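> Quick one, upload.cif (mmCIF, N, CA, C and O atoms):
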data_structure
#
loop_
_atom_site.group_PDB
_atom_site.id
_atom_site.type_symbol
_atom_site.label_atom_id
_atom_site.label_comp_id
_atom_site.auth_asym_id
_atom_site.auth_seq_id
_atom_site.Cartn_x
_atom_site.Cartn_y
_atom_site.Cartn_z
ATOM 1 N N MET R 265 27.254 20.011 35.278
ATOM 2 C CA MET R 265 27.135 18.632 34.882
ATOM 3 C C MET R 265 25.691 18.282 34.523
ATOM 4 O O MET R 265 25.448 17.630 33.538
ATOM 5 N N VAL R 266 24.741 18.728 35.318
ATOM 6 C CA VAL R 266 23.336 18.459 35.057
ATOM 7 C C VAL R 266 22.900 19.116 33.751
ATOM 8 O O VAL R 266 22.156 18.538 32.979
ATOM 9 N N ASP R 267 23.406 20.336 33.492
ATOM 10 C CA ASP R 267 23.075 21.055 32.270
ATOM 11 C C ASP R 267 23.541 20.275 31.029
ATOM 12 O O ASP R 267 22.835 20.197 30.029
ATOM 13 N N THR R 268 24.710 19.675 31.096
ATOM 14 C CA THR R 268 25.238 18.879 29.984
ATOM 15 C C THR R 268 24.365 17.655 29.746
ATOM 16 O O THR R 268 24.073 17.301 28.610
ATOM 17 N N MET R 269 23.911 17.005 30.785
ATOM 18 C CA MET R 269 23.042 15.833 30.666
ATOM 19 C C MET R 269 21.712 16.214 30.021
ATOM 20 O O MET R 269 21.204 15.498 29.169
ATOM 21 N N ASN R 270 21.160 17.354 30.418
ATOM 22 C CA ASN R 270 19.898 17.800 29.847
ATOM 23 C C ASN R 270 20.047 18.083 28.359
ATOM 24 O O ASN R 270 19.157 17.774 27.564
ATOM 25 N N ARG R 271 21.160 18.689 27.952
ATOM 26 C CA ARG R 271 21.382 18.963 26.530
ATOM 27 C C ARG R 271 21.540 17.669 25.740
ATOM 28 O O ARG R 271 21.017 17.538 24.648
ATOM 29 N N THR R 272 22.269 16.725 26.298
ATOM 30 C CA THR R 272 22.456 15.437 25.624
ATOM 31 C C THR R 272 21.126 14.715 25.480
ATOM 32 O O THR R 272 20.810 14.184 24.423
ATOM 33 N N ASP R 273 20.330 14.703 26.537
ATOM 34 C CA ASP R 273 19.015 14.073 26.487
ATOM 35 C C ASP R 273 18.119 14.771 25.467
ATOM 36 O O ASP R 273 17.390 14.120 24.723
ATOM 37 N N ALA R 274 18.176 16.081 25.429
ATOM 38 C CA ALA R 274 17.354 16.839 24.481
ATOM 39 C C ALA R 274 17.781 16.540 23.050
ATOM 40 O O ALA R 274 16.941 16.366 22.162
ATOM 41 N N ALA R 275 19.088 16.462 22.807
ATOM 42 C CA ALA R 275 19.580 16.163 21.466
ATOM 43 C C ALA R 275 19.179 14.753 21.049
ATOM 44 O O ALA R 275 18.775 14.515 19.909
ATOM 45 N N THR R 276 19.286 13.805 21.967
ATOM 46 C CA THR R 276 18.898 12.422 21.678
ATOM 47 C C THR R 276 17.404 12.339 21.385
ATOM 48 O O THR R 276 16.978 11.664 20.452
ATOM 49 N N THR R 277 16.619 13.044 22.187
ATOM 50 C CA THR R 277 15.169 13.062 21.978
ATOM 51 C C THR R 277 14.826 13.705 20.635
ATOM 52 O O THR R 277 13.992 13.187 19.899
ATOM 53 N N LEU R 278 15.476 14.800 20.303
ATOM 54 C CA LEU R 278 15.228 15.476 19.032
ATOM 55 C C LEU R 278 15.606 14.577 17.872
ATOM 56 O O LEU R 278 14.852 14.446 16.906
ATOM 57 N N LEU R 279 16.755 13.919 17.951
ATOM 58 C CA LEU R 279 17.194 13.017 16.897
ATOM 59 C C LEU R 279 16.220 11.862 16.735
ATOM 60 O O LEU R 279 15.853 11.493 15.623
ATOM 61 N N GLY R 280 15.773 11.316 17.841
ATOM 62 C CA GLY R 280 14.789 10.224 17.796
ATOM 63 C C GLY R 280 13.487 10.673 17.158
ATOM 64 O O GLY R 280 12.894 9.948 16.350
ATOM 65 N N THR R 281 13.056 11.869 17.483
ATOM 66 C CA THR R 281 11.823 12.416 16.909
ATOM 67 C C THR R 281 11.979 12.621 15.402
ATOM 68 O O THR R 281 11.077 12.279 14.631
ATOM 69 N N LEU R 282 13.121 13.158 14.991
ATOM 70 C CA LEU R 282 13.363 13.378 13.557
ATOM 71 C C LEU R 282 13.436 12.062 12.795
ATOM 72 O O LEU R 282 12.870 11.935 11.697
ATOM 73 N N LEU R 283 14.107 11.066 13.360
ATOM 74 C CA LEU R 283 14.192 9.762 12.701
ATOM 75 C C LEU R 283 12.826 9.090 12.615
ATOM 76 O O LEU R 283 12.487 8.465 11.604
ATOM 77 N N SER R 284 12.048 9.233 13.661
ATOM 78 C CA SER R 284 10.698 8.677 13.659
ATOM 79 C C SER R 284 9.836 9.342 12.583
ATOM 80 O O SER R 284 9.117 8.673 11.836
ATOM 81 N N ALA R 285 9.930 10.657 12.480
ATOM 82 C CA ALA R 285 9.175 11.394 11.461
ATOM 83 C C ALA R 285 9.639 11.000 10.058
ATOM 84 O O ALA R 285 8.815 10.813 9.158
ATOM 85 N N ALA R 286 10.944 10.850 9.883
ATOM 86 C CA ALA R 286 11.474 10.445 8.572
ATOM 87 C C ALA R 286 10.973 9.053 8.207
ATOM 88 O O ALA R 286 10.634 8.783 7.050
ATOM 89 N N GLY R 287 10.890 8.166 9.180
ATOM 90 C CA GLY R 287 10.369 6.825 8.942
ATOM 91 C C GLY R 287 8.911 6.858 8.529
ATOM 92 O O GLY R 287 8.498 6.146 7.604
ATOM 93 N N ARG R 288 8.124 7.694 9.195
ATOM 94 C CA ARG R 288 6.704 7.823 8.835
ATOM 95 C C ARG R 288 6.554 8.374 7.424
ATOM 96 O O ARG R 288 5.712 7.912 6.650
ATOM 97 N N VAL R 289 7.362 9.367 7.072
ATOM 98 C CA VAL R 289 7.312 9.950 5.723
ATOM 99 C C VAL R 289 7.685 8.887 4.694
ATOM 100 O O VAL R 289 7.022 8.735 3.664
ATOM 101 N N GLY R 290 8.733 8.118 4.977
ATOM 102 C CA GLY R 290 9.155 7.055 4.058
ATOM 103 C C GLY R 290 8.073 6.007 3.861
ATOM 104 O O GLY R 290 7.807 5.579 2.737
ATOM 105 N N ARG R 291 7.429 5.607 4.953
ATOM 106 C CA ARG R 291 6.341 4.626 4.843
ATOM 107 C C ARG R 291 5.164 5.204 4.063
ATOM 108 O O ARG R 291 4.518 4.504 3.285
ATOM 109 N N GLY R 292 4.886 6.480 4.265
ATOM 110 C CA GLY R 292 3.802 7.118 3.523
ATOM 111 C C GLY R 292 4.092 7.175 2.030
ATOM 112 O O GLY R 292 3.212 6.912 1.207
ATOM 113 N N ILE R 293 5.318 7.505 1.682
ATOM 114 C CA ILE R 293 5.700 7.544 0.263
ATOM 115 C C ILE R 293 5.613 6.153 -0.342
ATOM 116 O O ILE R 293 5.099 5.966 -1.451
ATOM 117 N N ARG R 294 6.102 5.154 0.394
ATOM 118 C CA ARG R 294 6.037 3.768 -0.105
ATOM 119 C C ARG R 294 4.584 3.347 -0.320
ATOM 120 O O ARG R 294 4.232 2.744 -1.322
ATOM 121 N N TRP R 295 3.703 3.662 0.648
ATOM 122 C CA TRP R 295 2.287 3.322 0.522
ATOM 123 C C TRP R 295 1.685 3.991 -0.714
ATOM 124 O O TRP R 295 0.965 3.360 -1.481
ATOM 125 N N TYR R 296 1.986 5.272 -0.910
ATOM 126 C CA TYR R 296 1.433 6.023 -2.038
ATOM 127 C C TYR R 296 1.881 5.415 -3.369
ATOM 128 O O TYR R 296 1.065 5.171 -4.258
ATOM 129 N N ILE R 297 3.168 5.153 -3.510
ATOM 130 C CA ILE R 297 3.695 4.596 -4.759
ATOM 131 C C ILE R 297 3.117 3.206 -5.000
ATOM 132 O O ILE R 297 2.733 2.867 -6.124
ATOM 133 N N THR R 298 3.050 2.396 -3.950
ATOM 134 C CA THR R 298 2.509 1.043 -4.085
ATOM 135 C C THR R 298 1.061 1.089 -4.569
ATOM 136 O O THR R 298 0.673 0.337 -5.466
ATOM 137 N N ASN R 299 0.265 1.961 -3.999
ATOM 138 C CA ASN R 299 -1.133 2.066 -4.423
ATOM 139 C C ASN R 299 -1.256 2.699 -5.799
ATOM 140 O O ASN R 299 -2.122 2.310 -6.588
ATOM 141 N N LEU R 300 -0.416 3.666 -6.097
ATOM 142 C CA LEU R 300 -0.446 4.317 -7.402
ATOM 143 C C LEU R 300 -0.150 3.320 -8.513
ATOM 144 O O LEU R 300 -0.791 3.323 -9.563
ATOM 145 N N MET R 301 0.814 2.445 -8.280
ATOM 146 C CA MET R 301 1.210 1.457 -9.281
ATOM 147 C C MET R 301 0.264 0.254 -9.313
ATOM 148 O O MET R 301 0.329 -0.561 -10.219
ATOM 149 N N GLY R 302 -0.597 0.121 -8.325
ATOM 150 C CA GLY R 302 -1.552 -0.980 -8.302
ATOM 151 C C GLY R 302 -1.008 -2.253 -7.695
ATOM 152 O O GLY R 302 -1.620 -3.313 -7.825
ATOM 153 N N ASP R 303 0.131 -2.171 -7.023
ATOM 154 C CA ASP R 303 0.743 -3.370 -6.452
ATOM 155 C C ASP R 303 -0.117 -4.021 -5.377
ATOM 156 O O ASP R 303 -0.029 -5.227 -5.159
ATOM 157 N N SER R 304 -0.933 -3.262 -4.709
ATOM 158 C CA SER R 304 -1.754 -3.807 -3.630
ATOM 159 C C SER R 304 -3.177 -4.131 -4.089
ATOM 160 O O SER R 304 -4.028 -4.454 -3.271
ATOM 161 N N ALA R 305 -3.433 -4.083 -5.377
ATOM 162 C CA ALA R 305 -4.791 -4.286 -5.886
ATOM 163 C C ALA R 305 -5.323 -5.681 -5.574
ATOM 164 O O ALA R 305 -6.478 -5.840 -5.174
ATOM 165 N N TYR R 306 -4.488 -6.704 -5.734
ATOM 166 C CA TYR R 306 -4.963 -8.064 -5.473
ATOM 167 C C TYR R 306 -5.251 -8.258 -3.987
ATOM 168 O O TYR R 306 -6.281 -8.837 -3.635
ATOM 169 N N ALA R 307 -4.387 -7.766 -3.128
ATOM 170 C CA ALA R 307 -4.613 -7.890 -1.684
ATOM 171 C C ALA R 307 -5.895 -7.155 -1.279
ATOM 172 O O ALA R 307 -6.666 -7.655 -0.450
ATOM 173 N N THR R 308 -6.145 -6.009 -1.880
ATOM 174 C CA THR R 308 -7.375 -5.254 -1.607
ATOM 175 C C THR R 308 -8.592 -6.045 -2.073
ATOM 176 O O THR R 308 -9.604 -6.126 -1.370
ATOM 177 N N TYR R 309 -8.488 -6.660 -3.258
ATOM 178 C CA TYR R 309 -9.582 -7.486 -3.802
ATOM 179 C C TYR R 309 -9.879 -8.667 -2.875
ATOM 180 O O TYR R 309 -11.043 -8.941 -2.562
ATOM 181 N N VAL R 310 -8.833 -9.370 -2.428
ATOM 182 C CA VAL R 310 -9.026 -10.538 -1.563
ATOM 183 C C VAL R 310 -9.666 -10.117 -0.242
ATOM 184 O O VAL R 310 -10.591 -10.773 0.242
ATOM 185 N N ALA R 311 -9.206 -9.020 0.344
ATOM 186 C CA ALA R 311 -9.798 -8.529 1.593
ATOM 187 C C ALA R 311 -11.270 -8.186 1.389
ATOM 188 O O ALA R 311 -12.116 -8.503 2.236
ATOM 189 N N HIS R 312 -11.589 -7.561 0.255
ATOM 190 C CA HIS R 312 -12.982 -7.223 -0.067
ATOM 191 C C HIS R 312 -13.819 -8.494 -0.195
ATOM 192 O O HIS R 312 -14.925 -8.566 0.359
ATOM 193 N N GLN R 313 -13.292 -9.471 -0.904
ATOM 194 C CA GLN R 313 -14.032 -10.724 -1.101
ATOM 195 C C GLN R 313 -14.302 -11.412 0.232
ATOM 196 O O GLN R 313 -15.409 -11.877 0.472
ATOM 197 N N HIS R 314 -13.298 -11.495 1.091
ATOM 198 C CA HIS R 314 -13.476 -12.153 2.391
ATOM 199 C C HIS R 314 -14.454 -11.390 3.275
ATOM 200 O O HIS R 314 -15.198 -12.004 4.031
ATOM 201 N N ARG R 315 -14.452 -10.071 3.178
ATOM 202 C CA ARG R 315 -15.328 -9.256 4.015
ATOM 203 C C ARG R 315 -16.779 -9.305 3.550
ATOM 204 O O ARG R 315 -17.688 -9.464 4.352
ATOM 205 N N LEU R 316 -17.002 -9.175 2.231
ATOM 206 C CA LEU R 316 -18.377 -9.069 1.729
ATOM 207 C C LEU R 316 -18.923 -10.357 1.141
ATOM 208 O O LEU R 316 -20.138 -10.507 1.029
ATOM 209 N N HIS R 317 -18.066 -11.262 0.734
ATOM 210 C CA HIS R 317 -18.505 -12.525 0.126
ATOM 211 C C HIS R 317 -17.729 -13.687 0.745
ATOM 212 O O HIS R 317 -16.979 -14.377 0.050
ATOM 213 N N PRO R 318 -17.897 -13.922 2.041
ATOM 214 C CA PRO R 318 -17.070 -14.936 2.711
ATOM 215 C C PRO R 318 -17.295 -16.352 2.206
ATOM 216 O O PRO R 318 -16.416 -17.201 2.325
ATOM 217 N N ASP R 319 -18.448 -16.623 1.614
ATOM 218 C CA ASP R 319 -18.742 -17.975 1.140
ATOM 219 C C ASP R 319 -18.204 -18.242 -0.268
ATOM 220 O O ASP R 319 -18.221 -19.381 -0.727
ATOM 221 N N GLU R 320 -17.727 -17.213 -0.967
ATOM 222 C CA GLU R 320 -17.194 -17.373 -2.323
ATOM 223 C C GLU R 320 -15.674 -17.438 -2.304
ATOM 224 O O GLU R 320 -15.029 -16.731 -1.544
ATOM 225 N N GLU R 321 -15.127 -18.273 -3.166
ATOM 226 C CA GLU R 321 -13.677 -18.374 -3.310
ATOM 227 C C GLU R 321 -13.197 -17.229 -4.211
ATOM 228 O O GLU R 321 -13.715 -17.049 -5.307
ATOM 229 N N PRO R 322 -12.226 -16.435 -3.764
ATOM 230 C CA PRO R 322 -11.724 -15.349 -4.624
ATOM 231 C C PRO R 322 -10.942 -15.919 -5.809
ATOM 232 O O PRO R 322 -10.451 -17.051 -5.769
ATOM 233 N N MET R 323 -10.836 -15.120 -6.867
ATOM 234 C CA MET R 323 -10.039 -15.522 -8.021
ATOM 235 C C MET R 323 -8.590 -15.706 -7.598
ATOM 236 O O MET R 323 -8.141 -15.088 -6.630
ATOM 237 N N THR R 324 -7.877 -16.505 -8.365
ATOM 238 C CA THR R 324 -6.443 -16.598 -8.119
ATOM 239 C C THR R 324 -5.810 -15.278 -8.544
ATOM 240 O O THR R 324 -6.416 -14.483 -9.261
ATOM 241 N N GLU R 325 -4.573 -15.068 -8.125
ATOM 242 C CA GLU R 325 -3.907 -13.818 -8.486
ATOM 243 C C GLU R 325 -3.741 -13.710 -9.996
ATOM 244 O O GLU R 325 -3.927 -12.645 -10.582
ATOM 245 N N ARG R 326 -3.435 -14.823 -10.634
ATOM 246 C CA ARG R 326 -3.288 -14.823 -12.093
ATOM 247 C C ARG R 326 -4.606 -14.458 -12.778
ATOM 248 O O ARG R 326 -4.640 -13.646 -13.700
ATOM 249 N N GLN R 327 -5.714 -15.038 -12.341
ATOM 250 C CA GLN R 327 -7.025 -14.711 -12.907
ATOM 251 C C GLN R 327 -7.368 -13.242 -12.671
ATOM 252 O O GLN R 327 -7.911 -12.568 -13.557
ATOM 253 N N PHE R 328 -7.074 -12.760 -11.466
ATOM 254 C CA PHE R 328 -7.370 -11.368 -11.131
ATOM 255 C C PHE R 328 -6.654 -10.413 -12.085
ATOM 256 O O PHE R 328 -7.269 -9.507 -12.644
ATOM 257 N N TRP R 329 -5.337 -10.607 -12.260
ATOM 258 C CA TRP R 329 -4.582 -9.695 -13.114
ATOM 259 C C TRP R 329 -5.005 -9.810 -14.572
ATOM 260 O O TRP R 329 -5.048 -8.815 -15.286
ATOM 261 N N ARG R 330 -5.326 -11.031 -15.036
ATOM 262 C CA ARG R 330 -5.794 -11.189 -16.415
ATOM 263 C C ARG R 330 -7.097 -10.431 -16.623
ATOM 264 O O ARG R 330 -7.260 -9.705 -17.599
ATOM 265 N N GLN R 331 -8.029 -10.570 -15.682
ATOM 266 C CA GLN R 331 -9.305 -9.859 -15.798
ATOM 267 C C GLN R 331 -9.088 -8.353 -15.731
ATOM 268 O O GLN R 331 -9.701 -7.593 -16.488
ATOM 269 N N ARG R 332 -8.208 -7.917 -14.869
ATOM 270 C CA ARG R 332 -7.937 -6.480 -14.744
ATOM 271 C C ARG R 332 -7.366 -5.909 -16.039
ATOM 272 O O ARG R 332 -7.766 -4.833 -16.491
ATOM 273 N N MET R 333 -6.418 -6.609 -16.643
ATOM 274 C CA MET R 333 -5.838 -6.151 -17.914
ATOM 275 C C MET R 333 -6.878 -6.171 -19.035
ATOM 276 O O MET R 333 -6.941 -5.247 -19.852
ATOM 277 N N ASP R 334 -7.700 -7.211 -19.065
ATOM 278 C CA ASP R 334 -8.764 -7.277 -20.077
ATOM 279 C C ASP R 334 -9.747 -6.117 -19.913
ATOM 280 O O ASP R 334 -10.177 -5.511 -20.900
ATOM 281 N N ASP R 335 -10.106 -5.812 -18.669
ATOM 282 C CA ASP R 335 -11.003 -4.679 -18.407
ATOM 283 C C ASP R 335 -10.380 -3.364 -18.869
ATOM 284 O O ASP R 335 -11.055 -2.509 -19.444
ATOM 285 N N GLN R 336 -9.087 -3.193 -18.636
ATOM 286 C CA GLN R 336 -8.418 -1.968 -19.062
ATOM 287 C C GLN R 336 -8.336 -1.879 -20.579
ATOM 288 O O GLN R 336 -8.421 -0.790 -21.154
ATOM 289 N N ASP R 337 -8.187 -3.013 -21.239
ATOM 290 C CA ASP R 337 -8.162 -2.999 -22.719
ATOM 291 C C ASP R 337 -9.527 -2.648 -23.290
ATOM 292 O O ASP R 337 -9.629 -1.944 -24.297
ATOM 293 N N ARG R 338 -10.582 -3.149 -22.660
ATOM 294 C CA ARG R 338 -11.941 -2.851 -23.135
ATOM 295 C C ARG R 338 -12.348 -1.407 -22.831
ATOM 296 O O ARG R 338 -13.074 -0.790 -23.593
ATOM 297 N N ASN R 339 -11.900 -0.873 -21.720
ATOM 298 C CA ASN R 339 -12.281 0.477 -21.271
ATOM 299 C C ASN R 339 -11.012 1.267 -20.955
ATOM 300 O O ASN R 339 -10.634 1.405 -19.789
ATOM 301 N N PRO R 340 -10.353 1.826 -21.961
ATOM 302 C CA PRO R 340 -9.059 2.488 -21.718
ATOM 303 C C PRO R 340 -9.144 3.737 -20.850
ATOM 304 O O PRO R 340 -8.164 4.128 -20.240
ATOM 305 N N GLY R 341 -10.279 4.380 -20.762
ATOM 306 C CA GLY R 341 -10.428 5.554 -19.897
ATOM 307 C C GLY R 341 -9.492 6.675 -20.306
ATOM 308 O O GLY R 341 -9.430 7.077 -21.473
ATOM 309 N N ALA R 342 -8.709 7.169 -19.360
ATOM 310 C CA ALA R 342 -7.881 8.347 -19.608
ATOM 311 C C ALA R 342 -6.448 8.001 -20.006
ATOM 312 O O ALA R 342 -5.632 8.884 -20.160
ATOM 313 N N ARG R 343 -6.135 6.748 -20.170
ATOM 314 C CA ARG R 343 -4.745 6.444 -20.534
ATOM 315 C C ARG R 343 -4.515 6.695 -22.008
ATOM 316 O O ARG R 343 -5.438 6.717 -22.822
ATOM 317 N N CYS R 344 -3.289 6.871 -22.391
ATOM 318 C CA CYS R 344 -2.985 7.299 -23.754
ATOM 319 C C CYS R 344 -2.999 6.164 -24.761
ATOM 320 O O CYS R 344 -3.227 6.388 -25.943
ATOM 321 N N CYS R 345 -2.715 4.940 -24.358
ATOM 322 C CA CYS R 345 -2.580 3.849 -25.332
ATOM 323 C C CYS R 345 -3.457 2.669 -24.999
ATOM 324 O O CYS R 345 -3.700 2.357 -23.902
#
Could you express the structure from this file as structure tokens?


Amino acid sequence: MVDTMNRTDAATTLLGTLLSAAGRVGRGIRWYITNLMGDSAYATYVAHQHRLHPDEEPMTERQFWRQRMDDQDRNPGARCC
């Protein structure tokens, strides 16, 4: 009876560990894709502004994205179009 309980506990622990690892992998993939696509760029900008320029009002999100697109049009870098 004790042996059966130990196996059940071990299986539950293993399953929990695997699910936890899968969750971490999923969050890592989501973080990577979000940063790759630039979805977190405005939040990063606002955090930077508050940290280094606390007395200045950050641009609105609309202003930020307009400036970012204008900068990319002026300096295309490695993109194809």

> What's the 12 Å shell around Arg332 of chain R, counting only C-alpha atoms, without same-chain residues fewer than 4 positions away, as an mmCIF file with N, CA, C and O atoms, in the frame of the given file?


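Once everything was written out, this is around_14.cif:
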data_model
loop_
_atom_site.group_PDB
_atom_site.id
_atom_site.type_symbol
_atom_site.label_atom_id
_atom_site.label_comp_id
_atom_site.auth_asym_id
_atom_site.auth_seq_id
_atom_site.Cartn_x
_atom_site.Cartn_y
_atom_site.Cartn_z
ATOM 1 N N GLY R 302 -0.597 0.121 -8.325
ATOM 2 C CA GLY R 302 -1.552 -0.980 -8.302
ATOM 3 C C GLY R 302 -1.008 -2.253 -7.695
ATOM 4 O O GLY R 302 -1.620 -3.313 -7.825
ATOM 5 N N ALA R 305 -3.433 -4.083 -5.377
ATOM 6 C CA ALA R 305 -4.791 -4.286 -5.886
ATOM 7 C C ALA R 305 -5.323 -5.681 -5.574
ATOM 8 O O ALA R 305 -6.478 -5.840 -5.174
ATOM 9 N N TYR R 306 -4.488 -6.704 -5.734
ATOM 10 C CA TYR R 306 -4.963 -8.064 -5.473
ATOM 11 C C TYR R 306 -5.251 -8.258 -3.987
ATOM 12 O O TYR R 306 -6.281 -8.837 -3.635
ATOM 13 N N TYR R 309 -8.488 -6.660 -3.258
ATOM 14 C CA TYR R 309 -9.582 -7.486 -3.802
ATOM 15 C C TYR R 309 -9.879 -8.667 -2.875
ATOM 16 O O TYR R 309 -11.043 -8.941 -2.562
ATOM 17 N N MET R 323 -10.836 -15.120 -6.867
ATOM 18 C CA MET R 323 -10.039 -15.522 -8.021
ATOM 19 C C MET R 323 -8.590 -15.706 -7.598
ATOM 20 O O MET R 323 -8.141 -15.088 -6.630
ATOM 21 N N GLU R 325 -4.573 -15.068 -8.125
ATOM 22 C CA GLU R 325 -3.907 -13.818 -8.486
ATOM 23 C C GLU R 325 -3.741 -13.710 -9.996
ATOM 24 O O GLU R 325 -3.927 -12.645 -10.582
ATOM 25 N N ARG R 326 -3.435 -14.823 -10.634
ATOM 26 C CA ARG R 326 -3.288 -14.823 -12.093
ATOM 27 C C ARG R 326 -4.606 -14.458 -12.778
ATOM 28 O O ARG R 326 -4.640 -13.646 -13.700
ATOM 29 N N GLN R 327 -5.714 -15.038 -12.341
ATOM 30 C CA GLN R 327 -7.025 -14.711 -12.907
ATOM 31 C C GLN R 327 -7.368 -13.242 -12.671
ATOM 32 O O GLN R 327 -7.911 -12.568 -13.557
ATOM 33 N N PHE R 328 -7.074 -12.760 -11.466
ATOM 34 C CA PHE R 328 -7.370 -11.368 -11.131
ATOM 35 C C PHE R 328 -6.654 -10.413 -12.085
ATOM 36 O O PHE R 328 -7.269 -9.507 -12.644
ATOM 37 N N GLN R 336 -9.087 -3.193 -18.636
ATOM 38 C CA GLN R 336 -8.418 -1.968 -19.062
ATOM 39 C C GLN R 336 -8.336 -1.879 -20.579
ATOM 40 O O GLN R 336 -8.421 -0.790 -21.154
ATOM 41 N N ASP R 337 -8.187 -3.013 -21.239
ATOM 42 C CA ASP R 337 -8.162 -2.999 -22.719
ATOM 43 C C ASP R 337 -9.527 -2.648 -23.290
ATOM 44 O O ASP R 337 -9.629 -1.944 -24.297
ATOM 45 N N ARG R 338 -10.582 -3.149 -22.660
ATOM 46 C CA ARG R 338 -11.941 -2.851 -23.135
ATOM 47 C C ARG R 338 -12.348 -1.407 -22.831
ATOM 48 O O ARG R 338 -13.074 -0.790 -23.593
ATOM 49 N N ASN R 339 -11.900 -0.873 -21.720
ATOM 50 C CA ASN R 339 -12.281 0.477 -21.271
ATOM 51 C C ASN R 339 -11.012 1.267 -20.955
ATOM 52 O O ASN R 339 -10.634 1.405 -19.789
ATOM 53 N N PRO R 340 -10.353 1.826 -21.961
ATOM 54 C CA PRO R 340 -9.059 2.488 -21.718
ATOM 55 C C PRO R 340 -9.144 3.737 -20.850
ATOM 56 O O PRO R 340 -8.164 4.128 -20.240
#

> For a test of reading the model, state the distance in Å between atom C of Arg315 of chain R and atom O of Asn299 of chain R, rounded to one decimal.

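Interatomic distance, atom C of Arg315 of chain R to atom O of Asn299 of chain R: 21.3 Å.
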
> Would you list, as an NGL selection string, the residues of segment 269-326 of chain R that end up in alpha helix (DSSP H) under DSSP run on this structure's backbone?

:R and (269-301 or 305-316 or 325-326)

> Show me, as AutoDock Vina command-line options, the centre and edge lengths in Å to one decimal of the axis-aligned box that covers every listed atom of segment 288-305 of chain R with 4 Å on each side.


--center_x 1.3 --center_y 2.1 --center_z -0.5 --size_x 23.6 --size_y 23.8 --size_z 27.4

> Can you measure atom C of Leu283 of chain R to atom C of Thr298 of chain R for me? One decimal in Å is fine.

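Interatomic distance, atom C of Leu283 of chain R to atom C of Thr298 of chain R: 22.3 Å.
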
> Hey, can you check how far atom N of Glu321 of chain R sits from atom O of Met301 of chain R?

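Pair atom N of Glu321 of chain R / atom O of Met301 of chain R returns 24.5 Å.
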
> Extract segment 284-295 of chain R from the coordinates I pasted, and write it as a PDB file, in the first residue's frame (atoms kept: C-alpha atoms).


ATOM      1  CA  SER R 284       5.375  23.949 -14.741  1.00  0.00           C
ATOM      2  CA  ALA R 285       8.211  23.622 -17.266  1.00  0.00           C
ATOM      3  CA  ALA R 286       5.742  23.767 -20.167  1.00  0.00           C
ATOM      4  CA  GLY R 287       4.264  26.944 -18.688  1.00  0.00           C
ATOM      5  CA  ARG R 288       7.701  28.539 -18.410  1.00  0.00           C
ATOM      6  CA  VAL R 289       8.498  27.593 -22.022  1.00  0.00           C
ATOM      7  CA  GLY R 290       5.166  29.044 -23.178  1.00  0.00           C
ATOM      8  CA  ARG R 291       5.774  32.299 -21.316  1.00  0.00           C
ATOM      9  CA  GLY R 292       9.273  32.494 -22.772  1.00  0.00           C
ATOM     10  CA  ILE R 293       7.984  32.015 -26.310  1.00  0.00           C
ATOM     11  CA  ARG R 294       5.278  34.636 -25.744  1.00  0.00           C
ATOM     12  CA  TRP R 295       7.875  37.095 -24.381  1.00  0.00           C
TER      13      TRP R 295
END
